[in-house]
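Student: What follows is protein-v1.cif; its format and atoms are mmCIF, C-alpha atoms.
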data_target
#
loop_
_atom_site.label_atom_id
_atom_site.label_comp_id
_atom_site.auth_asym_id
_atom_site.auth_seq_id
_atom_site.Cartn_x
_atom_site.Cartn_y
_atom_site.Cartn_z
CA MET A 1 -2.41 -20.14 -37.46
CA HIS A 2 0.22 -21.35 -35.02
CA ARG A 3 -0.65 -20.90 -31.33
CA SER A 4 2.50 -18.84 -30.62
CA THR A 5 1.50 -16.46 -33.40
CA ILE A 6 -1.93 -16.04 -31.86
CA ARG A 7 -0.35 -15.21 -28.52
CA ALA A 8 1.95 -12.65 -30.08
CA LEU A 9 -0.99 -10.96 -31.81
CA TYR A 10 -2.98 -11.02 -28.60
CA ARG A 11 -0.23 -9.16 -26.76
CA LEU A 12 -0.60 -6.40 -29.34
CA LEU A 13 -4.39 -6.37 -28.99
CA PRO A 14 -4.71 -3.46 -26.51
CA ALA A 15 -2.82 -1.05 -28.78
CA ALA A 16 -4.67 -2.30 -31.87
CA VAL A 17 -8.04 -1.85 -30.20
CA LEU A 18 -7.13 1.67 -29.11
CA LEU A 19 -5.98 2.63 -32.62
CA LEU A 20 -9.10 1.15 -34.18
CA SER A 21 -11.39 2.94 -31.73
CA LEU A 22 -9.98 6.31 -32.78
CA PHE A 23 -11.40 5.80 -36.25
CA CYS A 24 -14.19 3.29 -35.80
CA PRO A 25 -15.64 2.93 -32.25
CA LEU A 26 -16.31 -0.63 -31.28
CA SER A 27 -19.98 -1.60 -31.55
CA ALA A 28 -21.81 -3.01 -28.55
CA PRO A 29 -22.08 -6.78 -28.32
CA ALA A 30 -25.10 -8.29 -30.01
CA ASN A 31 -26.24 -9.77 -26.70
CA GLY A 32 -25.20 -9.95 -23.11
CA TRP A 33 -25.48 -7.65 -20.15
CA HIS A 34 -24.29 -4.05 -20.61
CA VAL A 35 -23.13 -2.73 -17.23
CA ARG A 36 -22.81 1.00 -16.70
CA ILE A 37 -20.81 1.75 -13.56
CA PRO A 38 -22.21 4.92 -11.97
CA ASP A 39 -20.17 7.61 -10.28
CA ASP A 40 -22.53 7.59 -7.32
CA ALA A 41 -22.32 7.58 -3.53
CA GLY A 42 -23.59 3.99 -3.29
CA THR A 43 -21.04 2.64 -5.78
CA PRO A 44 -18.29 0.63 -4.03
CA ARG A 45 -14.96 2.31 -3.41
CA ARG A 46 -13.27 -0.47 -5.37
CA LEU A 47 -14.84 -2.55 -8.11
CA VAL A 48 -13.52 -5.12 -10.57
CA ALA A 49 -15.32 -5.14 -13.92
CA VAL A 50 -14.81 -7.78 -16.61
CA ASP A 51 -15.65 -6.78 -20.20
CA LYS A 52 -16.18 -10.03 -22.09
CA GLU A 53 -16.48 -8.30 -25.46
CA ASP A 54 -13.17 -6.45 -25.16
CA GLN A 55 -11.53 -9.24 -23.12
CA LYS A 56 -10.45 -6.74 -20.49
CA LEU A 57 -10.47 -6.71 -16.70
CA HIS A 58 -10.78 -3.20 -15.25
CA ILE A 59 -10.29 -2.05 -11.67
CA TYR A 60 -12.25 1.07 -10.73
CA GLU A 61 -11.83 3.14 -7.60
CA ARG A 62 -14.23 5.77 -6.37
CA HIS A 63 -12.75 8.53 -4.29
CA SER A 64 -15.06 11.12 -5.85
CA PRO A 65 -14.83 10.96 -8.79
CA LEU A 66 -14.83 7.40 -10.11
CA LYS A 67 -11.48 6.55 -11.69
CA LEU A 68 -10.05 3.71 -13.72
CA ALA A 69 -7.15 2.50 -11.57
CA ALA A 70 -5.89 -0.28 -13.85
CA SER A 71 -6.78 -2.43 -16.87
CA TYR A 72 -5.50 -5.87 -17.85
CA VAL A 73 -6.00 -8.12 -20.82
CA CYS A 74 -8.02 -11.16 -19.77
CA THR A 75 -9.62 -14.19 -21.34
CA THR A 76 -13.07 -15.65 -20.67
CA GLY A 77 -15.15 -18.66 -21.70
CA GLN A 78 -14.79 -20.36 -25.08
CA ALA A 79 -18.51 -19.93 -25.76
CA THR A 80 -20.20 -16.51 -25.88
CA GLY A 81 -23.20 -15.47 -23.84
CA ASP A 82 -24.23 -15.80 -20.22
CA LYS A 83 -23.57 -19.09 -18.46
CA GLN A 84 -26.67 -21.24 -18.02
CA THR A 85 -25.55 -24.79 -17.33
CA ALA A 86 -22.52 -26.68 -16.08
CA GLY A 87 -20.09 -27.42 -18.89
CA ASP A 88 -21.47 -24.89 -21.40
CA LEU A 89 -18.05 -23.15 -21.54
CA LYS A 90 -19.64 -19.73 -20.89
CA THR A 91 -18.60 -17.09 -18.36
CA PRO A 92 -21.51 -15.99 -16.17
CA GLU A 93 -22.71 -12.40 -16.19
CA GLY A 94 -23.75 -10.55 -13.07
CA ILE A 95 -22.50 -9.13 -9.78
CA TYR A 96 -20.19 -11.49 -7.90
CA PHE A 97 -17.83 -11.26 -4.95
CA VAL A 98 -14.34 -12.57 -4.30
CA VAL A 99 -14.53 -15.41 -1.76
CA ASN A 100 -10.90 -16.37 -1.12
CA LYS A 101 -7.47 -16.87 -2.64
CA LEU A 102 -6.05 -20.25 -3.65
CA SER A 103 -2.30 -20.61 -4.08
CA ALA A 104 -1.62 -24.27 -3.32
CA GLY A 105 -2.60 -27.55 -4.92
CA LEU A 106 -3.52 -25.99 -8.26
CA ASP A 107 -2.81 -27.41 -11.70
CA MET A 108 -0.04 -25.10 -12.93
CA ALA A 109 -0.89 -25.45 -16.61
CA MET A 110 -4.57 -24.72 -16.02
CA TYR A 111 -4.38 -22.11 -13.25
CA GLY A 112 -0.82 -20.86 -13.16
CA GLY A 113 -0.63 -21.27 -9.40
CA ILE A 114 -2.99 -18.46 -8.30
CA ALA A 115 -6.79 -18.30 -8.24
CA TYR A 116 -9.46 -16.14 -6.62
CA THR A 117 -12.79 -17.87 -6.19
CA LEU A 118 -16.12 -16.13 -6.88
CA ASN A 119 -19.56 -16.78 -5.38
CA TYR A 120 -21.11 -18.14 -8.58
CA PRO A 121 -23.90 -19.18 -8.54
CA ASN A 122 -25.27 -16.31 -6.50
CA PRO A 123 -28.87 -16.40 -5.18
CA VAL A 124 -30.34 -14.90 -8.36
CA ASP A 125 -28.44 -17.43 -10.49
CA LYS A 126 -30.00 -20.18 -8.39
CA LEU A 127 -33.41 -18.55 -8.75
CA ARG A 128 -32.90 -18.65 -12.53
CA ARG A 129 -31.97 -22.35 -12.30
CA LYS A 130 -28.41 -21.78 -13.52
CA THR A 131 -25.99 -24.59 -12.76
CA GLY A 132 -22.24 -25.04 -12.59
CA SER A 133 -19.63 -23.88 -10.11
CA GLY A 134 -15.92 -23.18 -9.75
CA ILE A 135 -15.90 -19.82 -11.53
CA TRP A 136 -12.60 -18.18 -10.61
CA ILE A 137 -10.28 -15.35 -11.59
CA HIS A 138 -6.98 -17.13 -12.10
CA SER A 139 -3.67 -17.12 -13.94
CA LYS A 140 -2.49 -19.61 -16.58
CA GLY A 141 0.64 -21.65 -17.08
CA HIS A 142 1.15 -19.91 -20.46
CA ASP A 143 0.41 -16.57 -22.12
CA ILE A 144 -3.35 -16.25 -22.43
CA VAL A 145 -5.26 -16.10 -25.72
CA PRO A 146 -8.81 -14.80 -26.24
CA ARG A 147 -11.73 -16.91 -25.04
CA GLU A 148 -9.83 -20.00 -23.99
CA THR A 149 -11.28 -20.87 -20.55
CA LYS A 150 -14.11 -23.20 -19.57
CA GLY A 151 -15.97 -20.29 -18.00
CA CYS A 152 -13.43 -18.67 -15.68
CA ILE A 153 -11.68 -15.32 -16.10
CA ALA A 154 -7.93 -15.65 -16.60
CA LEU A 155 -5.07 -13.15 -16.52
CA ASN A 156 -1.42 -13.47 -17.38
CA ARG A 157 0.67 -14.43 -14.36
CA ALA A 158 2.51 -11.12 -14.18
CA ASP A 159 -0.80 -9.25 -14.27
CA ILE A 160 -2.54 -11.31 -11.60
CA ASP A 161 0.46 -10.76 -9.32
CA LYS A 162 -0.30 -7.03 -9.51
CA ALA A 163 -4.09 -7.07 -9.75
CA GLY A 164 -4.51 -9.78 -7.11
CA LYS A 165 -3.30 -7.41 -4.41
CA LEU A 166 -6.65 -5.65 -4.84
CA PHE A 167 -8.78 -8.82 -4.84
CA ALA A 168 -9.50 -8.90 -1.12
CA PRO A 169 -12.34 -11.20 0.00
CA GLY A 170 -15.63 -9.43 -0.52
CA THR A 171 -14.42 -7.34 -3.47
CA PRO A 172 -17.33 -6.92 -5.93
CA VAL A 173 -16.79 -8.19 -9.47
CA ALA A 174 -19.16 -7.13 -12.28
CA VAL A 175 -18.91 -9.55 -15.21
CA ALA A 176 -20.69 -8.33 -18.33
CA GLY A 177 -20.79 -8.47 -22.08
CA ASP A 178 -19.84 -4.81 -22.17
CA VAL A 179 -18.57 -2.37 -19.51
CA SER A 180 -18.79 1.42 -19.44
CA THR A 181 -18.86 4.15 -16.81
CA ASP A 182 -21.64 6.61 -16.23
CA ALA A 183 -20.77 9.99 -14.73
CA SER A 184 -24.47 10.96 -14.71
CA PRO A 185 -26.55 7.87 -13.90
CA ALA A 186 -30.23 7.92 -14.82
CA LYS A 187 -32.53 9.57 -12.29
CA GLU A 188 -34.56 6.37 -12.11
CA ASP A 189 -31.48 4.30 -11.23
CA LYS A 190 -30.34 6.82 -8.61
CA ALA A 191 -33.81 6.80 -7.09
CA THR A 192 -33.83 2.99 -6.99
CA ALA A 193 -30.42 2.94 -5.32
CA ARG A 194 -31.55 5.39 -2.62
CA LYS A 195 -34.79 3.46 -2.16
CA LEU A 196 -32.87 0.23 -1.60
CA GLU A 197 -30.59 1.91 0.95
CA ASP A 198 -33.71 2.99 2.84
CA LYS A 199 -35.15 -0.50 2.56
CA VAL A 200 -31.99 -1.99 4.05
CA LYS A 201 -32.30 0.32 7.06
CA GLY A 202 -36.02 -0.40 7.40
CA TRP A 203 -35.37 -4.15 7.19
CA ALA A 204 -32.73 -3.93 9.95
CA LYS A 205 -35.00 -1.82 12.16
CA ALA A 206 -37.89 -4.27 11.77
CA TRP A 207 -35.56 -7.17 12.62
CA GLY A 208 -34.24 -5.41 15.71
CA SER A 209 -37.81 -4.63 16.79
CA ARG A 210 -38.80 -8.29 16.35
CA SER A 211 -41.57 -7.03 14.12
CA PRO A 212 -43.59 -9.13 11.64
CA ALA A 213 -43.01 -6.23 9.23
CA MET A 214 -39.56 -7.73 8.60
CA PHE A 215 -41.11 -10.49 6.52
CA ASP A 216 -42.81 -8.01 4.19
CA TYR A 217 -39.39 -7.18 2.75
CA TYR A 218 -39.14 -10.66 1.19
CA ASP A 219 -40.60 -12.33 -1.88
CA PRO A 220 -41.53 -15.72 -0.36
CA GLU A 221 -41.77 -17.67 -3.62
CA ALA A 222 -38.51 -16.33 -5.07
CA TYR A 223 -36.67 -16.68 -1.75
CA SER A 224 -37.67 -20.34 -1.50
CA ALA A 225 -36.29 -20.99 -4.99
CA ALA A 226 -33.04 -19.09 -4.41
CA GLN A 227 -32.10 -20.26 -0.92
CA GLU A 228 -31.39 -23.66 0.57
CA GLU A 229 -34.29 -23.25 3.02
CA SER A 230 -37.89 -22.38 2.20
CA PHE A 231 -39.28 -19.02 3.17
CA ALA A 232 -41.77 -20.75 5.48
CA ALA A 233 -38.90 -22.43 7.37
CA PHE A 234 -36.98 -19.14 7.53
CA ARG A 235 -40.02 -17.28 8.88
CA ASN A 236 -40.87 -19.96 11.44
CA GLN A 237 -37.32 -19.93 12.77
CA LYS A 238 -37.24 -16.13 13.08
CA GLU A 239 -40.69 -15.96 14.71
CA ARG A 240 -39.58 -18.55 17.25
CA LEU A 241 -36.53 -16.42 18.11
CA PHE A 242 -38.67 -13.28 18.33
CA LYS A 243 -40.66 -14.99 21.10
CA GLN A 244 -37.68 -16.52 22.88
CA LEU A 245 -35.32 -13.52 22.90
CA ALA A 246 -35.97 -10.63 25.25
CA TRP A 247 -34.27 -8.22 22.87
CA ILE A 248 -32.45 -8.02 19.53
CA GLN A 249 -30.15 -5.26 18.34
CA THR A 250 -29.29 -5.05 14.66
CA SER A 251 -27.31 -2.21 13.14
CA VAL A 252 -25.96 -1.70 9.62
CA SER A 253 -23.37 0.63 8.14
CA ASP A 254 -21.59 1.39 4.86
CA VAL A 255 -24.46 0.33 2.59
CA GLN A 256 -23.32 -0.20 -1.02
CA VAL A 257 -25.59 -0.76 -4.00
CA MET A 258 -25.12 -2.12 -7.52
CA GLN A 259 -27.44 -2.98 -10.35
CA GLY A 260 -27.06 -6.39 -11.90
CA PRO A 261 -28.75 -7.95 -14.94
CA GLY A 262 -32.39 -7.85 -13.86
CA TYR A 263 -31.68 -7.44 -10.15
CA TRP A 264 -29.97 -5.22 -7.59
CA VAL A 265 -27.63 -6.23 -4.80
CA THR A 266 -26.96 -4.33 -1.59
CA TRP A 267 -24.19 -5.22 0.82
CA PHE A 268 -23.20 -3.70 4.12
CA ASN A 269 -21.59 -4.21 7.51
CA GLN A 270 -24.02 -5.85 9.93
CA TYR A 271 -23.81 -6.08 13.71
CA TYR A 272 -26.24 -8.36 15.54
CA ARG A 273 -26.67 -8.71 19.30
CA ALA A 274 -29.14 -10.78 21.30
CA PRO A 275 -29.05 -12.44 24.73
CA ASN A 276 -27.76 -15.67 23.18
CA MET A 277 -25.13 -14.39 20.74
CA THR A 278 -23.23 -11.53 19.10
CA THR A 279 -22.12 -11.58 15.46
CA GLU A 280 -20.76 -9.15 12.89
CA GLY A 281 -19.92 -9.46 9.23
CA ILE A 282 -21.03 -8.65 5.70
CA ARG A 283 -24.65 -9.13 4.68
CA ARG A 284 -25.72 -9.20 1.03
CA LEU A 285 -29.33 -8.79 0.00
CA TYR A 286 -30.48 -9.48 -3.57
CA TRP A 287 -33.55 -7.55 -4.74
CA GLN A 288 -36.00 -7.92 -7.61
CA PRO A 289 -39.31 -6.14 -8.30
CA ASP A 290 -42.45 -8.12 -7.56
CA ARG A 291 -45.57 -8.12 -9.75
CA LYS A 292 -46.48 -4.66 -8.44
CA GLY A 293 -42.99 -3.28 -9.10
CA GLU A 294 -42.01 -3.19 -5.42
CA TYR A 295 -38.45 -4.36 -4.74
CA ARG A 296 -38.28 -7.34 -2.42
CA ILE A 297 -35.51 -9.61 -1.15
CA VAL A 298 -35.19 -12.75 -3.25
CA GLY A 299 -31.98 -14.04 -1.70
CA MET A 300 -29.25 -13.22 0.77
CA GLU A 301 -25.74 -14.17 1.81
CA TRP A 302 -23.86 -13.83 5.09
CA VAL A 303 -20.08 -13.66 5.53
CA PRO A 304 -18.89 -13.54 9.17
CA ALA A 305 -16.03 -11.05 9.55
CA ASP A 306 -14.52 -8.57 11.97
CA VAL A 307 -15.75 -5.31 10.46
CA GLY A 308 -15.18 -3.14 13.52
CA MET A 309 -18.85 -2.58 14.29
CA GLU A 310 -18.57 -3.51 17.97
CA ALA A 311 -16.61 -0.31 18.51
CA ASN A 312 -19.36 1.61 16.68
CA TYR A 313 -21.97 -0.10 18.83
CA LEU A 314 -20.20 0.87 22.04
CA GLU A 315 -19.83 4.43 20.80
CA THR A 316 -23.59 4.52 20.21
CA VAL A 317 -24.70 3.00 23.52
CA SER A 318 -22.09 4.56 25.82
CA PRO A 319 -24.08 7.80 26.34
CA GLN A 320 -27.21 5.72 27.09
CA VAL A 321 -25.38 3.53 29.60
CA THR A 322 -23.69 6.52 31.22
CA ALA A 323 -27.06 8.24 31.67
CA PHE A 324 -28.60 5.06 33.08
CA VAL A 325 -25.79 4.55 35.60
CA GLU A 326 -26.13 8.16 36.73
CA LYS A 327 -29.91 7.72 37.21
CA TRP A 328 -29.24 4.60 39.29
CA ARG A 329 -26.58 6.41 41.34
CA LYS A 330 -28.88 9.34 42.12
CA ALA A 331 -31.72 7.08 43.25
CA TRP A 332 -29.26 5.18 45.45
CA GLU A 333 -27.78 8.37 46.99
CA ARG A 334 -31.30 9.70 47.76
CA GLY A 335 -32.36 6.39 49.30
CA ASP A 336 -35.22 6.35 46.76
CA VAL A 337 -36.19 2.69 46.89
CA LYS A 338 -38.83 2.89 44.16
CA ASN A 339 -36.59 4.41 41.47
CA TYR A 340 -33.56 2.45 42.64
CA ILE A 341 -35.35 -0.90 42.24
CA ALA A 342 -36.79 0.21 38.89
CA CYS A 343 -33.23 -0.03 37.55
CA TYR A 344 -33.10 -3.79 38.16
CA SER A 345 -34.58 -6.69 36.21
CA ASP A 346 -36.99 -8.98 38.02
CA ASP A 347 -34.36 -11.74 38.00
CA ALA A 348 -31.43 -9.50 38.98
CA GLU A 349 -28.63 -10.78 41.21
CA GLN A 350 -26.96 -8.68 43.89
CA ALA A 351 -25.03 -11.29 45.83
CA PRO A 352 -26.22 -12.94 47.95
CA ARG A 353 -29.68 -11.67 46.97
CA LYS A 354 -31.53 -12.98 43.93
CA GLY A 355 -34.47 -11.19 42.38
CA SER A 356 -35.53 -7.55 42.62
CA ALA A 357 -37.95 -8.34 45.45
CA SER A 358 -35.11 -9.59 47.63
CA ILE A 359 -32.97 -6.56 46.76
CA ARG A 360 -35.87 -4.23 47.60
CA GLN A 361 -36.43 -5.83 51.01
CA GLN A 362 -32.75 -5.62 51.96
CA LYS A 363 -32.45 -1.96 50.93
CA GLN A 364 -35.64 -0.94 52.72
CA GLU A 365 -34.39 -2.48 55.97
CA LEU A 366 -30.87 -1.04 55.56
CA TRP A 367 -31.94 2.48 54.65
CA ARG A 368 -34.41 2.69 57.54
CA LYS A 369 -31.40 2.35 59.84
CA ALA A 370 -28.85 4.37 57.86
CA LYS A 371 -29.66 6.23 54.67
CA PRO A 372 -26.93 6.86 52.09
CA ALA A 373 -25.17 10.20 52.32
CA LYS A 374 -22.79 9.99 49.36
CA VAL A 375 -22.43 7.68 46.37
CA GLN A 376 -19.58 8.68 44.08
CA LEU A 377 -18.64 6.79 40.90
CA LYS A 378 -15.47 7.37 38.88
CA GLY A 379 -13.73 5.88 35.84
CA LEU A 380 -16.76 4.28 34.21
CA ARG A 381 -15.71 1.68 31.58
CA ILE A 382 -18.15 -0.04 29.24
CA GLU A 383 -17.55 -3.33 27.43
CA ALA A 384 -19.76 -5.43 25.17
CA VAL A 385 -20.24 -8.93 26.58
CA ALA A 386 -22.55 -11.86 25.96
CA GLY A 387 -26.05 -10.88 27.00
CA GLY A 388 -25.47 -7.14 27.17
CA VAL A 389 -22.77 -4.76 28.33
CA ARG A 390 -20.58 -4.70 31.42
CA ALA A 391 -19.96 -1.42 33.22
CA ASP A 392 -17.32 -1.19 35.91
CA MET A 393 -16.24 1.79 37.96
CA THR A 394 -14.63 2.88 41.22
CA GLN A 395 -17.24 3.42 43.95
CA ASP A 396 -16.96 5.59 47.08
CA TYR A 397 -19.84 5.15 49.54
CA ARG A 398 -20.73 6.82 52.83
CA ASP A 399 -23.94 6.71 54.88
CA VAL A 400 -25.39 9.14 57.44
CA THR A 401 -23.79 7.27 60.38
CA GLY A 402 -20.31 7.90 58.99
CA TYR A 403 -19.72 4.37 57.68
CA SER A 404 -17.79 4.38 54.39
CA ASP A 405 -16.19 1.99 51.98
CA ARG A 406 -14.37 2.10 48.65
CA GLY A 407 -14.18 -0.56 45.93
CA VAL A 408 -14.91 -1.60 42.36
CA LYS A 409 -18.54 -1.86 41.26
CA THR A 410 -19.41 -4.01 38.24
CA LEU A 411 -22.83 -4.01 36.59
CA LEU A 412 -24.06 -6.37 33.89
CA LEU A 413 -26.67 -4.45 31.91
CA ARG A 414 -29.11 -5.45 29.21
CA GLN A 415 -31.74 -3.65 27.20
CA ASP A 416 -35.33 -4.50 27.96
CA GLY A 417 -36.93 -2.80 24.94
CA GLN A 418 -37.61 0.39 26.90
CA GLY A 419 -34.11 1.09 28.18
CA TRP A 420 -31.40 -0.54 30.25
CA GLU A 421 -31.68 -2.69 33.36
CA ILE A 422 -29.25 -4.28 35.80
CA VAL A 423 -29.19 -8.07 35.71
CA LYS A 424 -26.16 -8.63 37.92
CA GLU A 425 -24.26 -6.45 40.38
CA GLU A 426 -20.91 -7.21 41.98
CA TRP A 427 -18.65 -5.30 44.36
CA SER A 428 -15.12 -5.93 45.54
CA PRO A 429 -13.22 -3.82 48.09
CA ALA A 430 -10.31 -1.72 46.88
CA ALA A 431 -6.84 -2.87 47.87
CA ARG A 432 -5.45 -0.94 50.80
#
Kindly transcribe the structure held in the file into structure tokens.

Tutor:
Amino acid sequence: MHRSTIRALYRLLPAAVLLLSLFCPLSAPANGWHVRIPDDAGTPRRLVAVDKEDQKLHIYERHSPLKLAASYVCTTGQATGDKQTAGDLKTPEGIYFVVNKLSAGLDMAMYGGIAYTLNYPNPVDKLRRKTGSGIWIHSKGHDIVPRETKGCIALNRADIDKAGKLFAPGTPVAVAGDVSTDASPAKEDKATARKLEDKVKGWAKAWGSRSPAMFDYYDPEAYSAAQEESFAAFRNQKERLFKQLAWIQTSVSDVQVMQGPGYWVTWFNQYYRAPNMTTEGIRRLYWQPDRKGEYRIVGMEWVPADVGMEANYLETVSPQVTAFVEKWRKAWERGDVKNYIACYSDDAEQAPRKGSASIRQQKQELWRKAKPAKVQLKGLRIEAVAGGVRADMTQDYRDVTGYSDRGVKTLLLRQDGQGWEIVKEEWSPAAR
């Protein structure tokens, strides 16, 4: 049959499939992964699903309930089944994520000028010793025909122009032999999804606590096979940091969960703070059951990104910092040296004094001569900075002799595991 005839028939395929399904529902593929997309709280708000059997790309959106937002005819690998090796002409099956968009330097005949790269092979693919790379969602320089790619997923150019607007980096893509939705997911699957959400939170808490319990969340043997570094190297590096860093803060939000073929993947916004650095982005954890059936991390991915978690962090710690500053102010106003000095780290700086012992000595001598009478703070502002948070405010001070001054007080604060402490204090007089 002439190629142009095939293309013409393929354009009629959606209507033909629909008509056929009214009388004779399509049977499930003989092999391949069957993904059922649940209408569940952990399901992503937008999901791309590729049905290799029907040669369709679907875009689902979940705004309670789950809805099919759009469907497009697509084409996948020339060979059927799940990709195993480089050059086998098969499209891989599993949960993948859009990495970035390519729109320059592409072969027009092969890619049609637009491509969205995927993160194949993901950690579980590597664990399973799958090879190959360069699996994309792209257009073609001609009208597509069924199963014509070397393993990629291709759309017609007009369709990718529309669908691509929804392919933001990080968008999950489920590629399967067969795709269906599930308004009532199995109780077992719902329980597993909730369990994994709890595990993510427990993992983050253990990390932030610098606890050895963090390592219990991993499968050491599988992790070593899936990642570029061995689990032993990973653990040694983290244990070294646990000893070096005075504190670690790790928070997660917007946990999403999906079941893949023989594994689960969770992804979420992650915010990490320590004395040496602050990062935020998307963390992905890949889970498989161990020999006892307990889900453990077999691989993970990290994508740095501005996900707005610093604002969430400041919202969380602002009440703590405000309460700490007020405790410090009260001790100062009372001339309570013991509780005042308890607010400072041992290595604190209060120019020109260095160290809490020096600060204590100066305050004891000063307050013997003239105790504070009023310490008033206004306009407290809190900002996340390297090593902790900075708090600045307007300060009005007066002692019992009648001396007074007014200026801007700035405190650099850090958490010491028990609460907050001042590591640096600065004051500058207000302009008159």

Student: Evaluated on this file, the PyMOL selection byres ((chain A and resi 42) around 8) picks out some residues - which ones are they, written as a VMD selection string?

Tutor: chain A and resid 40 to 41 43 to 44 193 255 to 258

Student: Would you output that residue set with C-alpha atoms, as a PDB file, in the coordinates of the input?

Tutor:
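Below you can see out.pdb, which holds the result:
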ATOM      1  CA  ASP A  40     -22.530   7.590  -7.320  1.00  0.00           C
ATOM      2  CA  ALA A  41     -22.320   7.580  -3.530  1.00  0.00           C
ATOM      3  CA  THR A  43     -21.040   2.640  -5.780  1.00  0.00           C
ATOM      4  CA  PRO A  44     -18.290   0.630  -4.030  1.00  0.00           C
ATOM      5  CA  ALA A 193     -30.420   2.940  -5.320  1.00  0.00           C
ATOM      6  CA  VAL A 255     -24.460   0.330   2.590  1.00  0.00           C
ATOM      7  CA  GLN A 256     -23.320  -0.200  -1.020  1.00  0.00           C
ATOM      8  CA  VAL A 257     -25.590  -0.760  -4.000  1.00  0.00           C
ATOM      9  CA  MET A 258     -25.120  -2.120  -7.520  1.00  0.00           C
TER      10      MET A 258
END

Student: Report as a list in words all protein, DNA and RNA residues lying within 10 Å of Lys363 (chain A), evaluated on only C-alpha atoms, omitting residues in the same chain fewer than 5 positions from it.

Tutor: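 Answer for this query is Trp332, Gly335, Asp336, Val337, Tyr340, Ile341, Ser358, Arg368, Lys369 and Lys371 of chain A.
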
Student: Decode the PyMOL selection byres ((chain A and resi 69-80) around 9) for the given file into explicit residues and return them as a VMD selection string.

Tutor: chain A and resid 10 to 11 13 to 14 32 50 to 52 54 to 61 67 to 68 81 to 83 88 to 92 144 to 156 159 to 160 163 177

Student: From the set A:Gly141, A:Gly94, A:Pro123, A:Pro38, which residue has the shortest atom-to-atom contact distance to Leu285 (chain A), counting all atoms listed in the file?

Tutor: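 Result for the nearest residue to Leu285 (chain A): A:Pro123.
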
Student: A:Lys292, A:Arg360, A:Arg398, A:Arg128: which is nearest Tyr223 (chain A), counting all atoms listed in the file?

Tutor: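 Nearest to Tyr223 (chain A): A:Arg128.
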
Student: Identify which of the residues A:Gln350, A:Asn269, A:Thr322, A:Gln376 lies closest to Val303 (chain A), counting all atoms listed in the file when measuring atom-to-atom distances.

Tutor: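 Residue with the minimum atom-to-atom distance to Val303 (chain A): A:Asn269.
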
Student: Leaving out region 211-215 of chain A and any residue of its chain fewer than 5 positions from it, which residues lie within 10 Å of it when counting all atoms listed in the file, given as a ChimeraX atom specification?

Tutor: /A:202-206,220,231,234-235,238-239,242,296-297
